[in-house]
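Undergrad: Questions regarding the structure given below will be posed in turn.
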Amino acid sequence: MSRTAVGGAAGAAAVRDAALPLVPLEEGDPVRSARSLDPLLERIGDARFVLLGEASHGTAEYYRWRALLTLRLIAEEGFSFVAVEGDWPDCRSVHRAVTGAPGAPDDPRDALDGFRRWPTWMWANTEVLHFARWLRRYNSGLPRERRVGFHGLDVYSLRESLHAVLEYLSVHAPEQVAHAREAVECFEPYAWDPQEYARASRLVPEGCEREVPALLVRLRRRAGARDPRDEGEEEFAARQNAEVLAGAEQYYRAMVRGGPAAWNIRDVHMADTLDRLAARHGPRARAVVWAHNSHIGDARATDMPRAGLVNVGRLVRERHAEEGVVLVGFGSYDGTVIAADRWGGRARVTRVPPPGRAAWRSCCTARRCRAVPGSSSSTPATRTAGRGGGSTATGRSASSTARSTRPAGTTCRRCRRSGTTPSCTWTARRRWCRSPRPGRATPARRRPGRPACEPSGERRLVVMVDIRFEDRRDAGLRLAARLRETAAEREWFDPVVLALPRGGVPVAAEVARALHAPLDVLVARKIGLPGRPEVGIGAIAGEAPPVYDERALAMLGITPDELGASVARERTELHRREDLYRGHAPRPDLRDRTVILVDDGLATGVTARAAIRLVRGEGPAVLVLAVPVGDRRAAAELRPEVDELVCLSQPDDFRAVGLWFEDFPQTTDEEVLALLRELSVPERLRPVRHR
């Protein structure tokens, strides 16, 4: 998008027209979420610097999206290091942990626990921990010289950097320790309080500005004219700490005088540090920067120049325009955030104020229905074209260190949309709009050229128009009607219905009644991502080996061996549920039978795949997978593994199974047992050994 196109209603329309959907991370499918970033990665191309900003320092979604985009840039595009708006000494501890440096902790959490400067939640939070652990696993497979680093750009660590320099000199250059101690003694009268030093500098203007630069000059002279890549790790870190000292001393002295000087000193220091890191990593190094939007946005596109301000985004573009610079910002229209009322104040969960009608974030988040707090609709990402352009991703915000309170019922229960049309009327109690109720199978709603059935050889994928269901029973009745027709057409004699508990059992019960077939259960358990068990990346069924989503493992840099504890835990729960639902009764013999495997929906498909492979190993004559609603990609991937796949609805905007049911409560064990007693497998069926 050109600069001339931005402004007024035309600019807002251009932004909305360029918007692309993001698959929300909280829906539990990391692969689909990651793939929704493909247009942004295509936009980044071969740019050397990618600056990722965000509108707060306490919003979990920003950190998650930033981490997901960064790990893709590292794993797929070969980016060399991550530089963040954090202190150099603290981030160096994380750098050593993620690169496996000698003496560094095995778990990056030990390094993050060392972050003490306020606001600690800015980097010592669970999202950064997950990313750091992934980065350590990724680096473990690389030679030491190619490992991806994690560095701090900021100037606040005056005391820590000075002591780090003193420690380095005491070992490597004892003759310069005396000069370092002069700088230490200069700050001691202020009890190492930078703001106290800043206030004192108004009375004593020269402050410590002589001792600190002298120390920096000596370290620079020690490095000489050598290529930064030839410096040892300790030497480079010491010199950078001296640069931090010089920047911090200038920053705090300028801070109390007001004006743009303090801001500019800080952002110029961060841009200079980025240049030093790029030089150290080599001419082909590519960098990802994490900072606030106010730092990574191009100041020239704002009113900052009128105030005499520059920022990192502008400086990096001016210095490296020919190498490629892409700026990506994250913003939000609603939600909660970790913040404080004043600098150094107590952290608390704060609700984000709504944007004004003329605000850019308001135009970026405008959709087909009126957005409401906690909406779970797809998040739009606004892209701009042309080298050096920027992107903005907007989404619901939430605390990165505390569970936010999200109001219930914030998505239209009938049309599932959250944009702006006059047809949608939101109320706190009803939670639906006046739009025509979608999902009724009428010819008017059928897409042109899309048949109800799509045959392909002997195996078919049966698809209908997008449908919404009242509840699982309603879904089961509709699914049963379709299966009854198909069973007569295919001549499925003496079928047996297997349900995936617990949600699949009420659906399967209606199928079993309609087909006059016995009902049994096949227990399968999802294997969750370490640290985020709600994200399923594998599944187990029976005593068969685990089935994994290989793309998710590759995307997240996880090996099956790292999931051993999760597998053992889920297998124990699997045995418990099998004993609960079946007692000591064996599963029916499925050999040479028609087996209809039923669940309440198909999201990633990994649980269904584990169940399919277990059943297939028992030699059925026909294997059918039947679900009311499913993700189109997951259905296409499972299609070759079954003889028939019946899926009543595959909506374009699938997102999650529960969104396609008016009422989607958790099925209880008592409900499962009651349905099994009513429709249990008769004893005439041939049993097989349970384990």
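Naming scheme: A, B, ... for chains in displayed order of the structure tokens; residues 1 onward per chain; ligands 1 onward as shown.
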Set the distance at 6 Å and use only C-alpha atoms: which residues neighbour stretch 664-670 of chain A once local chain neighbours fewer than 3 positions away are removed? I'd like the list as a ChimeraX atom specification.

TA: /A:502-503,658,661,673

Undergrad: So how far away is atom CA of A:Gly504 from atom CA of A:Val521, in Å?

TA: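 So the two atoms, atom CA of A:Val521 and atom CA of A:Gly504, lie 9.0 Å apart.
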
Undergrad: Please, what distance in Å, to one decimal, runs between atom CA of A:Val598 and atom CA of A:Val496?

TA: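 Here the two named atoms are 10.7 Å from each other.
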
Undergrad: A:Val82: which residues within 7 Å, counting only C-alpha atoms, same-chain residues fewer than 3 positions away excluded, as a PyMOL selection string?

TA: chain A and resi 149-151+287-289

Undergrad: Just give me the gap between atom CA of A:Thr350 and atom CA of A:His130 in Å, one decimal is fine.

TA: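 Separation between atom CA of A:Thr350 and atom CA of A:His130: 24.0 Å.
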
Undergrad: Using DSSP on the backbone, list every residue of stretch 239-357 of chain A that comes out as alpha helix (DSSP H), and give them as JSON, numbers by chain.

TA: {"A": [239, 240, 241, 242, 243, 244, 245, 246, 247, 248, 249, 250, 251, 252, 253, 254, 255, 261, 262, 263, 264, 265, 266, 267, 268, 269, 270, 271, 272, 273, 274, 275, 276, 277, 278, 279, 280, 281, 293, 294, 295, 296, 312, 313, 314, 315, 316, 317, 318, 319, 320]}

Undergrad: Nearest to A:Glu671 among A:Ala271, A:Ser170, A:Ser36, A:Val507, with distances taken over only C-alpha atoms: which residue is it?

TA: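 Looking only at the distances to A:Glu671, the closest residue turns out to be A:Val507.
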
Undergrad: Could you give me, as a compact mmCIF listing (two decimals) with C-alpha atoms, in the first residue's frame, the residues within 12 Å of A:Glu573, counting only C-alpha atoms and dropping anything in the same chain fewer than 4 positions from it?

TA:
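Dumped to part-v7.txt:
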# COMPACT_ATOMS: atom_id res chain seq x y z
CA VAL A 523 -11.27 -44.75 23.48
CA ALA A 524 -8.60 -42.51 21.94
CA ARG A 525 -6.64 -39.86 23.79
CA LYS A 526 -5.10 -36.66 22.51
CA ILE A 527 -1.39 -36.02 23.20
CA ILE A 540 -3.17 -42.86 21.01
CA ALA A 541 -5.81 -45.59 20.72
CA GLY A 542 -5.64 -49.03 22.32
CA SER A 566 2.58 -36.98 27.84
CA VAL A 567 2.08 -40.33 26.11
CA ALA A 568 2.44 -42.27 29.37
CA ARG A 569 0.00 -39.95 31.15
CA ARG A 577 -11.75 -44.82 30.71
CA GLU A 578 -11.84 -48.17 28.94
CA ASP A 579 -12.28 -49.92 32.27
CA LEU A 580 -14.97 -47.41 33.26

Undergrad: Excluding A:Glu233 and its own-chain neighbours fewer than 6 positions away, which residues fall within 12 Å of it when counting only C-alpha atoms? Please give them as a list of chain:residue names.

TA: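 The residues satisfying every condition are A:Arg92, A:His95, A:Arg96, A:Ala101, A:Pro102, A:Glu145, A:Gly149, A:Tyr168, A:Arg239, A:Gln240, A:Leu277, A:Arg280, A:His281.
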
Undergrad: Keeping only C-alpha atoms, take the residues you just selected and write them out as a compact mmCIF listing (two decimals), in the first residue's frame.

TA:
# COMPACT_ATOMS: atom_id res chain seq x y z
CA ARG A 92 22.66 -12.70 27.60
CA HIS A 95 21.21 -16.37 25.02
CA ARG A 96 23.66 -18.66 26.78
CA ALA A 101 26.88 -22.37 26.23
CA PRO A 102 29.20 -24.09 28.74
CA GLU A 145 28.72 -21.23 15.16
CA GLY A 149 21.06 -16.09 19.50
CA TYR A 168 35.52 -9.22 32.68
CA ARG A 239 32.30 -4.24 25.00
CA GLN A 240 28.55 -4.24 24.53
CA LEU A 277 24.95 -7.81 16.35
CA ARG A 280 29.08 -9.99 14.50
CA HIS A 281 26.82 -12.63 12.96

Undergrad: Skipping near chain neighbours, those fewer than 5 positions away, what residues fall within 8 Å of A:Ile74 using only C-alpha atoms, listed as a list of chain:residue names?

TA: A:Phe79, A:Ser80, A:Val148

Undergrad: With only C-alpha atoms as the atoms that count, which of A:Val547, A:Val629, A:Leu614, A:Leu563 lies nearest to A:Gly476?

TA: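 Among the listed residues, A:Val629 lies closest to A:Gly476.
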
Undergrad: Of the candidates A:Tyr581, A:Phe81, A:Trp263, A:Trp118, which one gets nearest to A:Ala307 if we count only C-alpha atoms?

TA: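 Under the stated criterion, the closest residue is A:Trp263.
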
Undergrad: Looking only at the backbone, which of the residues in stretch 482-604 of chain A does DSSP tag as strand (DSSP E), as a VMD selection string?

TA: chain A and resid 496 to 499 519 to 521 524 to 529 532 to 541 547 to 548 594 to 598
